[in-house]
$ cat coords_21.txt   # compact mmCIF, C-alpha atoms
# COMPACT_ATOMS: atom_id res chain seq x y z
CA MET V 1 129.25 173.94 199.57
CA ARG V 2 127.90 177.08 198.01
CA THR V 3 129.45 176.82 194.55
CA PRO V 4 128.20 173.33 193.65
CA ARG V 5 124.71 174.32 194.74
CA LEU V 6 124.78 177.41 192.57
CA THR V 7 126.11 175.37 189.68
CA ALA V 8 123.34 172.84 190.09
CA LEU V 9 120.75 175.61 190.22
CA ALA V 10 122.17 177.19 187.08
CA LEU V 11 122.13 173.85 185.28
CA PHE V 12 118.55 173.23 186.36
CA ALA V 13 117.49 176.67 185.17
CA GLY V 14 119.24 176.14 181.86
CA LEU V 15 117.64 172.76 181.36
CA ALA V 16 114.23 174.17 182.23
CA THR V 17 114.69 176.92 179.66
CA LEU V 18 115.82 174.49 177.00
CA THR V 19 112.90 172.22 177.77
CA ALA V 20 110.44 175.10 177.50
CA GLN V 21 111.93 176.12 174.16
CA ASN V 22 111.90 172.61 172.84
CA THR V 23 108.32 171.97 173.88
CA PHE V 24 106.93 175.18 172.43
CA SER V 25 104.57 174.44 169.62
CA PRO V 26 103.31 177.52 167.80
CA PRO V 27 99.58 178.00 167.34
CA ARG V 28 98.48 177.11 163.83
CA THR V 29 95.71 178.05 161.46
CA PRO V 30 93.44 175.28 160.14
CA ASP V 31 95.70 174.93 157.10
CA GLY V 32 98.64 174.15 159.36
CA LYS V 33 100.57 177.40 159.08
CA PRO V 34 101.88 179.20 162.16
CA ASP V 35 99.18 181.54 163.38
CA PHE V 36 100.44 184.98 164.39
CA SER V 37 97.00 186.34 165.26
CA GLY V 38 97.14 188.42 168.43
CA ILE V 39 97.98 191.84 169.77
CA TYR V 40 101.61 192.85 170.18
CA GLU V 41 103.97 195.58 171.18
CA TRP V 42 105.59 197.32 168.26
CA PRO V 43 108.91 195.86 167.02
CA LYS V 44 111.72 196.49 169.47
CA THR V 45 115.45 195.91 169.59
CA ASN V 46 118.21 196.26 172.13
CA GLU V 47 120.91 197.03 169.63
CA GLY V 48 122.15 200.34 168.36
CA GLU V 49 121.53 203.89 169.40
CA LYS V 50 118.26 204.62 171.14
CA CYS V 51 116.00 207.19 169.56
CA ARG V 52 115.21 210.35 171.44
CA CYS V 53 111.66 209.39 170.69
CA SER V 54 109.35 206.56 171.60
CA ALA V 55 109.71 204.73 168.29
CA THR V 56 112.20 202.01 167.40
CA ILE V 57 114.91 202.99 164.91
CA PHE V 58 117.39 201.14 162.74
CA ASN V 59 120.92 200.57 163.93
CA LYS V 60 123.22 202.73 161.83
CA ALA V 61 126.07 200.29 162.40
CA ARG V 62 124.23 197.88 160.13
CA PHE V 63 124.16 200.26 157.20
CA PRO V 64 126.49 199.17 154.41
CA PRO V 65 128.48 201.81 152.52
CA LEU V 66 126.39 204.17 150.46
CA LYS V 67 126.52 204.00 146.73
CA PRO V 68 127.95 206.99 144.90
CA GLY V 69 124.96 209.27 144.76
CA GLY V 70 123.36 207.57 147.75
CA GLU V 71 123.90 210.55 149.98
CA PRO V 72 120.26 211.65 149.68
CA LEU V 73 119.64 209.06 152.38
CA TYR V 74 120.57 211.95 154.63
CA GLU V 75 118.38 214.54 153.04
CA PRO V 76 119.00 217.96 154.56
CA ARG V 77 116.19 219.70 156.26
CA THR V 78 114.93 222.71 154.42
CA GLY V 79 113.10 224.56 157.18
CA ASP V 80 109.81 223.91 155.44
CA PRO V 81 107.78 221.87 157.94
CA ARG V 82 105.84 220.22 155.13
CA HIS V 83 109.14 218.75 153.98
CA ASP V 84 110.81 218.30 157.34
CA GLU V 85 107.88 217.10 159.42
CA PRO V 86 105.18 215.74 157.14
CA ARG V 87 103.49 213.93 160.00
CA ASP V 88 102.99 217.29 161.62
CA PHE V 89 100.33 217.73 158.95
CA CYS V 90 98.97 214.25 159.54
CA LEU V 91 100.68 212.76 156.50
CA PRO V 92 101.45 209.06 156.89
CA ALA V 93 104.59 207.69 158.46
CA GLY V 94 104.71 205.09 155.69
CA PHE V 95 106.47 201.74 155.76
CA PRO V 96 108.77 200.71 157.34
CA SER V 97 108.85 203.75 159.63
CA GLY V 98 105.22 203.48 160.74
CA MET V 99 105.66 199.84 161.66
CA LEU V 100 108.25 200.90 164.25
CA SER V 101 106.02 203.49 165.94
CA ALA V 102 105.35 203.00 169.63
CA ASN V 103 101.81 201.69 169.46
CA ALA V 104 100.08 198.36 169.68
CA VAL V 105 99.83 196.14 166.62
CA ARG V 106 97.01 193.68 165.96
CA LEU V 107 97.75 190.78 163.62
CA VAL V 108 94.82 188.88 162.13
CA GLN V 109 95.53 185.91 159.92
CA ASN V 110 93.71 183.41 157.80
CA LYS V 111 94.76 181.22 154.91
CA ASN V 112 94.76 184.00 152.36
CA PHE V 113 95.70 187.14 154.26
CA LEU V 114 97.69 188.51 157.14
CA VAL V 115 96.23 191.80 158.31
CA VAL V 116 98.59 194.12 160.16
CA ALA V 117 96.48 196.70 161.99
CA HIS V 118 98.81 199.21 163.62
CA GLU V 119 97.37 201.67 166.09
CA PHE V 120 99.61 204.48 164.86
CA GLN V 121 97.72 206.48 162.27
CA GLY V 122 95.40 203.51 161.80
CA MET V 123 97.96 201.92 159.49
CA THR V 124 96.53 198.77 157.92
CA ARG V 125 98.51 196.42 155.73
CA LEU V 126 96.65 193.65 153.92
CA ILE V 127 99.24 191.05 153.03
CA PRO V 128 98.08 188.37 150.56
CA LEU V 129 99.30 184.88 151.39
CA ASP V 130 97.74 183.11 148.43
CA GLY V 131 100.72 183.25 146.14
CA ARG V 132 99.65 186.16 144.01
CA PRO V 133 102.39 188.36 142.54
CA HIS V 134 102.85 192.05 143.16
CA ARG V 135 100.32 194.24 141.45
CA LYS V 136 101.63 195.90 138.32
CA GLY V 137 101.54 199.54 137.35
CA LEU V 138 100.91 200.90 140.82
CA GLU V 139 101.94 204.43 141.62
CA PRO V 140 104.41 204.19 144.52
CA GLY V 141 102.62 204.71 147.82
CA PHE V 142 103.38 205.28 151.47
CA TYR V 143 102.98 201.62 152.42
CA GLY V 144 103.78 199.88 149.16
CA ASP V 145 102.49 196.58 147.88
CA PRO V 146 103.22 193.60 150.14
CA VAL V 147 102.89 189.93 149.25
CA GLY V 148 103.70 187.02 151.53
CA HIS V 149 104.77 183.43 151.19
CA TRP V 150 105.80 180.69 153.58
CA GLU V 151 109.29 179.28 153.98
CA GLY V 152 108.69 176.49 156.48
CA ASP V 153 107.28 178.11 159.61
CA THR V 154 108.51 181.55 158.62
CA LEU V 155 106.31 184.03 156.82
CA VAL V 156 108.26 186.07 154.29
CA VAL V 157 106.70 189.35 153.16
CA GLU V 158 108.15 191.33 150.30
CA THR V 159 107.04 194.92 149.84
CA THR V 160 107.66 196.97 146.71
CA GLY V 161 106.17 200.15 145.31
CA VAL V 162 107.06 202.42 148.21
CA LYS V 163 107.48 206.10 147.45
CA ARG V 164 110.53 208.01 148.63
CA TRP V 165 109.85 208.80 152.26
CA GLY V 166 111.32 208.64 155.75
CA LEU V 167 113.11 205.40 156.60
CA ASP V 168 112.71 205.81 160.35
CA ASP V 169 112.48 208.41 163.11
CA TYR V 170 116.19 208.95 163.65
CA PHE V 171 115.86 212.66 162.92
CA TYR V 172 114.46 213.08 166.42
CA THR V 173 117.88 212.06 167.68
CA ASN V 174 119.92 213.89 165.08
CA PRO V 175 118.08 216.44 162.96
CA ASN V 176 121.02 216.48 160.56
CA GLU V 177 120.46 212.87 159.62
CA TYR V 178 117.04 212.79 158.11
CA ARG V 179 117.09 209.25 156.77
CA MET V 180 115.10 208.77 153.59
CA HIS V 181 114.68 205.63 151.54
CA SER V 182 114.31 205.80 147.78
CA ASP V 183 111.49 204.64 145.54
CA ALA V 184 113.63 201.62 144.65
CA LEU V 185 113.21 200.25 148.17
CA VAL V 186 112.29 196.59 148.52
CA THR V 187 111.75 195.33 152.04
CA THR V 188 111.58 191.71 153.09
CA GLU V 189 110.11 190.84 156.45
CA HIS V 190 110.68 187.46 158.09
CA ILE V 191 108.12 186.66 160.78
CA SER V 192 108.26 183.56 162.96
CA TRP V 193 107.53 182.45 166.49
CA LYS V 194 110.55 182.76 168.76
CA ASP V 195 108.79 181.46 171.85
CA ALA V 196 105.26 181.38 173.22
CA LYS V 197 105.25 185.13 173.90
CA THR V 198 107.52 186.51 171.24
CA LEU V 199 107.69 186.87 167.49
CA ALA V 200 111.04 187.12 165.76
CA TYR V 201 110.73 189.90 163.23
CA ARG V 202 113.44 190.73 160.71
CA ILE V 203 113.33 193.60 158.24
CA THR V 204 115.71 193.41 155.29
CA ILE V 205 116.33 196.65 153.44
CA ASP V 206 117.31 196.52 149.81
CA ASP V 207 117.58 200.01 148.41
CA PRO V 208 119.90 199.87 145.40
CA LYS V 209 119.74 203.61 144.80
CA ILE V 210 121.28 204.21 148.22
CA PHE V 211 123.10 201.19 149.63
CA THR V 212 125.81 199.06 148.06
CA ARG V 213 124.08 195.91 149.31
CA SER V 214 121.04 194.85 151.24
CA TRP V 215 121.10 194.71 155.02
CA TYR V 216 118.81 193.60 157.80
CA GLN V 217 117.97 194.09 161.41
CA ASP V 218 116.25 191.75 163.84
CA PHE V 219 113.49 192.85 166.15
CA THR V 220 111.08 191.15 168.52
CA MET V 221 107.38 191.67 169.00
CA THR V 222 105.97 190.73 172.37
CA LEU V 223 102.53 189.17 172.51
CA HIS V 224 100.14 190.95 174.89
CA PRO V 225 97.07 188.83 175.64
CA ASP V 226 96.34 191.37 178.37
CA TRP V 227 95.69 193.96 175.63
CA ASP V 228 93.38 191.70 173.69
CA GLN V 229 90.15 192.90 175.26
CA MET V 230 91.31 196.51 175.11
CA GLY V 231 92.22 196.12 171.46
CA ILE V 232 93.77 198.88 169.43
CA PHE V 233 92.38 202.38 169.60
CA GLU V 234 91.19 204.71 166.90
CA TYR V 235 93.77 207.20 165.66
CA VAL V 236 92.34 209.92 163.48
CA CYS V 237 95.13 212.44 163.29
CA GLU V 238 93.00 215.18 161.77
CA GLU V 239 90.59 215.14 164.69
CA ASN V 240 92.45 217.66 166.83
CA ASN V 241 95.78 218.42 165.19
CA ARG V 242 96.16 221.80 166.77
CA CYS V 243 99.74 222.66 165.87
CA PRO V 244 100.41 221.88 162.20
CA GLY V 245 103.82 223.13 161.25
CA GLY V 246 104.46 224.26 164.78
CA LYS V 247 101.76 226.90 164.69
CA CYS V 248 99.34 226.13 167.46
CA ALA V 249 95.81 227.44 167.35
CA LYS V 250 93.41 227.52 170.24
CA MET B 1 88.04 231.79 192.69
CA LYS B 2 88.96 228.16 192.58
CA PHE B 3 92.68 228.74 192.74
CA ARG B 4 94.45 227.79 195.87
CA TRP B 5 97.94 228.69 194.94
CA ILE B 6 99.71 229.05 191.70
CA ALA B 7 103.36 228.89 190.85
CA VAL B 8 105.13 229.15 187.54
CA SER B 9 108.77 228.27 187.22
CA VAL B 10 110.52 228.05 183.90
CA GLY B 11 113.89 226.47 183.49
CA ALA B 12 114.00 224.76 186.84
CA LEU B 13 112.84 221.70 188.71
CA PHE B 14 112.32 219.61 185.62
CA ALA B 15 113.01 216.20 187.00
CA ALA B 16 110.36 214.08 185.30
CA ALA B 17 111.21 211.92 182.35
CA LEU B 18 110.42 213.51 179.04
CA PRO B 19 108.99 211.02 176.63
CA LEU B 20 107.19 213.02 174.11
CA ALA B 21 104.53 213.25 171.51
CA ALA B 22 103.48 210.54 169.15
CA HIS B 23 102.67 211.79 165.72
CA HIS B 24 104.53 214.94 165.05
CA SER B 25 107.68 216.82 165.60
CA PHE B 26 108.33 217.83 169.12
CA ALA B 27 111.27 219.75 167.73
CA ALA B 28 109.03 221.83 165.50
CA GLU B 29 106.73 222.89 168.26
CA TYR B 30 108.51 222.75 171.60
CA ASP B 31 111.85 223.74 173.03
CA ASP B 32 113.47 221.06 175.15
CA THR B 33 115.80 223.65 176.63
CA LYS B 34 112.83 225.41 178.20
CA PRO B 35 111.23 223.22 180.80
CA ILE B 36 108.18 224.48 182.59
CA LYS B 37 106.47 223.58 185.81
CA VAL B 38 103.15 225.14 186.67
CA THR B 39 100.45 224.64 189.22
CA GLY B 40 96.87 225.48 188.46
CA VAL B 41 93.34 224.31 187.95
CA VAL B 42 92.26 222.19 184.99
CA THR B 43 89.62 224.00 182.93
CA LYS B 44 89.13 221.65 179.97
CA VAL B 45 90.33 218.31 178.62
CA GLU B 46 90.33 217.31 174.94
CA TRP B 47 90.73 213.55 174.89
CA GLN B 48 91.32 213.33 171.17
CA ASN B 49 93.90 212.27 168.60
CA PRO B 50 96.59 212.84 167.67
CA HIS B 51 97.34 214.15 171.17
CA ILE B 52 95.32 214.87 174.24
CA TRP B 53 95.18 218.52 175.24
CA PHE B 54 94.37 219.81 178.65
CA TYR B 55 94.04 223.40 179.77
CA VAL B 56 95.10 224.80 183.08
CA ASP B 57 94.36 228.22 184.61
CA VAL B 58 97.57 229.46 186.18
CA LYS B 59 97.79 232.55 188.36
CA ASP B 60 101.07 234.42 188.59
CA ALA B 61 102.49 236.33 191.52
CA ASP B 62 100.52 239.42 190.53
CA GLY B 63 97.28 237.53 190.46
CA LYS B 64 96.98 237.52 186.69
CA VAL B 65 95.39 234.33 185.39
CA THR B 66 96.62 232.70 182.20
CA ASN B 67 95.08 229.68 180.57
CA TRP B 68 97.87 227.31 179.50
CA ALA B 69 97.32 224.58 176.94
CA PHE B 70 99.26 221.34 177.34
CA SER B 71 99.68 218.62 174.75
CA GLY B 72 100.28 214.99 175.74
CA GLY B 73 100.41 211.55 174.15
CA ALA B 74 97.77 209.92 172.00
CA PRO B 75 94.67 208.73 173.90
CA GLY B 76 95.38 205.12 172.96
CA GLN B 77 98.92 205.23 174.29
CA LEU B 78 97.72 206.67 177.57
CA MET B 79 94.77 204.31 177.98
CA ARG B 80 97.03 201.32 177.39
CA ARG B 81 99.00 202.48 180.44
CA GLY B 82 95.85 202.90 182.48
CA VAL B 83 95.65 206.66 182.12
CA THR B 84 92.03 207.10 181.10
CA ARG B 85 90.07 210.21 180.26
CA ASP B 86 88.67 210.27 183.80
CA VAL B 87 92.10 210.73 185.35
CA ILE B 88 92.35 214.43 184.53
CA GLN B 89 89.15 216.36 185.10
CA PRO B 90 88.17 220.03 185.09
CA GLY B 91 88.36 221.54 188.54
CA MET B 92 91.33 219.49 189.65
CA THR B 93 94.38 221.31 190.99
CA VAL B 94 97.44 219.88 189.29
CA VAL B 95 101.14 220.39 188.85
CA VAL B 96 102.19 220.03 185.22
CA GLN B 97 105.75 219.57 184.03
CA GLY B 98 106.69 219.89 180.42
CA MET B 99 108.36 222.05 177.80
CA LEU B 100 107.44 225.45 176.43
CA ALA B 101 106.30 226.00 172.86
CA LYS B 102 108.79 227.63 170.55
CA ASP B 103 106.34 230.27 169.43
CA GLY B 104 106.28 231.93 172.83
CA SER B 105 102.60 231.20 173.27
CA HIS B 106 100.98 229.69 176.32
CA ASN B 107 101.08 226.27 174.70
CA ALA B 108 103.39 223.66 176.13
CA PHE B 109 104.11 220.00 176.13
CA GLY B 110 102.81 218.32 179.28
CA SER B 111 104.88 215.28 180.10
CA SER B 112 103.54 214.63 183.59
CA VAL B 113 100.71 215.65 185.85
CA THR B 114 100.85 215.48 189.64
CA PHE B 115 97.60 215.62 191.56
CA ALA B 116 96.73 217.15 194.93
CA ASP B 117 97.15 213.80 196.69
CA GLY B 118 100.70 213.55 195.37
CA HIS B 119 100.29 210.83 192.81
CA MET B 120 101.66 211.47 189.36
CA VAL B 121 100.92 210.18 185.87
CA PHE B 122 102.99 210.49 182.75
CA THR B 123 100.91 212.12 180.07
CA ALA B 124 103.45 211.76 177.26
CA SER B 125 103.45 208.99 174.69
CA SER B 126 105.71 206.67 176.62
CA GLU B 127 106.98 206.52 180.15
CA ASP B 128 110.06 204.40 179.63
CA LYS B 129 112.22 207.04 178.01
CA GLY B 130 114.78 209.34 179.48
CA SER B 131 114.92 213.09 179.56
CA GLY B 132 115.11 214.69 176.17
CA ASP B 133 113.08 212.17 174.23
CA LYS B 134 111.24 213.87 171.50
CA LYS B 135 108.41 211.70 170.43
$ encode --input "coords_21.txt" --output "structure tokens"
Amino acid sequence: MRTPRLTALALFAGLATLTAQNTFSPPRTPDGKPDFSGIYEWPKTNEGEKCRCSATIFNKARFPPLKPGGEPLYEPRTGDPRHDEPRDFCLPAGFPSGMLSANAVRLVQNKNFLVVAHEFQGMTRLIPLDGRPHRKGLEPGFYGDPVGHWEGDTLVVETTGVKRWGLDDYFYTNPNEYRMHSDALVTTEHISWKDAKTLAYRITIDDPKIFTRSWYQDFTMTLHPDWDQMGIFEYVCEENNRCPGGKCAK
Amino acid sequence: MKFRWIAVSVGALFAAALPLAAHHSFAAEYDDTKPIKVTGVVTKVEWQNPHIWFYVDVKDADGKVTNWAFSGGAPGQLMRRGVTRDVIQPGMTVVVQGMLAKDGSHNAFGSSVTFADGHMVFTASSEDKGSGDKK
């Protein structure tokens, strides 16, 4: 009988999967915390519209209603490439946009810090894990001021102090929707092991100047031991940026 | 002359996927409504960030030679896919598919390179995207 055999096979496969999930024990640092050290693909998701670009973008369906006055999320393009395409001049992608760029990410962790070394633009985030508060009096920057703490086996990273800048790369898909976050942005990342090869990575966006409430999206980051020896590569944008503002020079 | 044969066709035969550049605006620099396919001889390769550039001497039907400049992905993105700086070398005859620059110059985006033995590599930032991808 074909059907019972298939059913048995499906049950076996399901049990095997459950067993693998149940037996997975995340690597840990000497102080007993989950150890995320390794090299990964950039955060990816299967939900929402795909970007006409290589980066991952946020799913618009998750956006809550905008606050009155929140329309600057969709800042119109002005035709000035320094405004419309700041990366064309090697300006930073910033956070969270840069985190979603299509490059490898190296995580290095010890008791006191998680280092996020992203290949794109050489973005480096030093995330304290020692319980310190946010620094005070900082001028808002492209990557903000992250601090992390543990909630069980999940690392929670809150980032404040981010200057108004691009939220993601959606403008490659629709140039009329140039998504910008405000300088009131607070992001919260939740990082945990999903299985032996995958990190669960959630970004929560709280931008009270733009959205009526906070919202989040879940991503995954796939571990790539095969990239470990290769590592991440240098990315010095100024080295040979031949076409700033669309004006190429030989 | 090193050229064996040269062909330039604009607006036709653009079948390769078009996953595009990494750091900057494809839209600012290139026109995705103007695909290009050229055959010529590589004269120089700049294996540098933020994008590789390679230069190809292309001869038109009248015998006039033009040096085209093609931009690709970041070196790191290409190397991670096994496309190393040795893959494209001066003197090679190649077919390049891509998109023309908006400024009407002989700059273009090079999304793929096909070699004399028929094998092809994607030279854009990612090879898992469909036609029209811009970054």
$ interface_residues --input "coords_21.txt" --of "chain V" --to "chain B" --cutoff "6 Å" --atoms "all atoms listed in the file" --output "VMD selection string"
chain V and resid 52 to 54 87 to 88 233 235 to 237 239 to 240 246
$ write_last_selection --input "coords_21.txt" --atoms "C-alpha atoms" --output "CSV table (one decimal), in the frame of the given file"
chain,number,residue,atom,x,y,z
V,52,ARG,CA,115.2,210.4,171.4
V,53,CYS,CA,111.7,209.4,170.7
V,54,SER,CA,109.4,206.6,171.6
V,87,ARG,CA,103.5,213.9,160.0
V,88,ASP,CA,103.0,217.3,161.6
V,233,PHE,CA,92.4,202.4,169.6
V,235,TYR,CA,93.8,207.2,165.7
V,236,VAL,CA,92.3,209.9,163.5
V,237,CYS,CA,95.1,212.4,163.3
V,239,GLU,CA,90.6,215.1,164.7
V,240,ASN,CA,92.4,217.7,166.8
V,246,GLY,CA,104.5,224.3,164.8
$ atom_distance --input "coords_21.txt" --atom1 "CA of Asp195 in chain V" --atom2 "CA of Arg125 in chain V"
24.3 Å
$ atom_distance --input "coords_21.txt" --atom1 "CA of Val105 in chain V" --atom2 "CA of Val157 in chain V"
16.6 Å
$ atom_distance --input "coords_21.txt" --atom1 "CA of Leu107 in chain V" --atom2 "CA of Glu47 in chain V"
24.7 Å
$ residues_around --input "coords_21.txt" --residues "Asp57 in chain B" --least-positions-apart "3" --cutoff "10 Å" --atoms "all atoms listed in the file" --output "list in words"
Lys2, Phe3, Ile6, Val38, Thr39, Gly40, Val41, Val42, Thr43, Lys44, Asp60, Lys64, Val65, Thr66, Asn67, Trp68, Ala69, Gly91 and Thr93 of chain B
$ residues_around --input "coords_21.txt" --residues "range 73-82 of chain V" --least-positions-apart "6" --cutoff "6 Å" --atoms "all atoms listed in the file" --output "list in words"
Glu177, Tyr178, Arg179, Met180 and Gly245 of chain V
$ residues_around --input "coords_21.txt" --residues "Phe120 in chain V" --least-positions-apart "3" --cutoff "8 Å" --atoms "only C-alpha atoms" --output "number ranges by chain"
V: 98, 101-104, 123, 235; B: 23
$ residues_near_point --input "coords_21.txt" --point "(94.4, 215.8, 196.2)" --cutoff "10 Å" --atoms "all atoms listed in the file" --output "list of chain:residue names"
B:Met92, B:Thr93, B:Val94, B:Thr114, B:Phe115, B:Ala116, B:Asp117, B:Gly118, B:His119
$ write_last_selection --input "coords_21.txt" --atoms "C-alpha atoms" --output "mmCIF file, in the frame of the given file"
data_model
loop_
_atom_site.group_PDB
_atom_site.id
_atom_site.type_symbol
_atom_site.label_atom_id
_atom_site.label_comp_id
_atom_site.auth_asym_id
_atom_site.auth_seq_id
_atom_site.Cartn_x
_atom_site.Cartn_y
_atom_site.Cartn_z
ATOM 1 C CA MET B 92 91.330 219.490 189.650
ATOM 2 C CA THR B 93 94.380 221.310 190.990
ATOM 3 C CA VAL B 94 97.440 219.880 189.290
ATOM 4 C CA THR B 114 100.850 215.480 189.640
ATOM 5 C CA PHE B 115 97.600 215.620 191.560
ATOM 6 C CA ALA B 116 96.730 217.150 194.930
ATOM 7 C CA ASP B 117 97.150 213.800 196.690
ATOM 8 C CA GLY B 118 100.700 213.550 195.370
ATOM 9 C CA HIS B 119 100.290 210.830 192.810
#
$ closest_residue --input "coords_21.txt" --among "B:Val45, B:Val121, B:Tyr55, B:Gly72" --to "Arg85 in chain B" --atoms "all atoms listed in the file"
B:Val45
$ residues_around --input "coords_21.txt" --residues "Ala196 in chain V" --least-positions-apart "2" --cutoff "8 Å" --atoms "only C-alpha atoms" --output "compact mmCIF listing (two decimals) with C-alpha atoms, in the frame of the given file"
# COMPACT_ATOMS: atom_id res chain seq x y z
CA PHE V 24 106.93 175.18 172.43
CA SER V 25 104.57 174.44 169.62
CA PRO V 26 103.31 177.52 167.80
CA TRP V 193 107.53 182.45 166.49
CA LYS V 194 110.55 182.76 168.76
CA THR V 198 107.52 186.51 171.24
$ closest_residue --input "coords_21.txt" --among "B:Ala61, B:Leu78, B:Val113, B:Val56" --to "Val96 in chain B" --atoms "all atoms listed in the file"
B:Val113
$ closest_residue --input "coords_21.txt" --among "B:Phe70, B:Thr123, B:Gly98, B:Asp86" --to "Cys243 in chain V" --atoms "only C-alpha atoms"
B:Phe70
$ closest_residue --input "coords_21.txt" --among "V:Tyr172, V:Tyr201, V:Trp42, V:Phe211" --to "Ala184 in chain V" --atoms "all atoms listed in the file"
V:Phe211
$ residues_near_point --input "coords_21.txt" --point "(100.5, 192.8, 141.5)" --cutoff "10 Å" --atoms "all atoms listed in the file" --output "list in words"
Arg132, Pro133, His134, Arg135, Lys136, Gly137, Leu138, Asp145, Pro146, Val147 and Thr160 of chain V
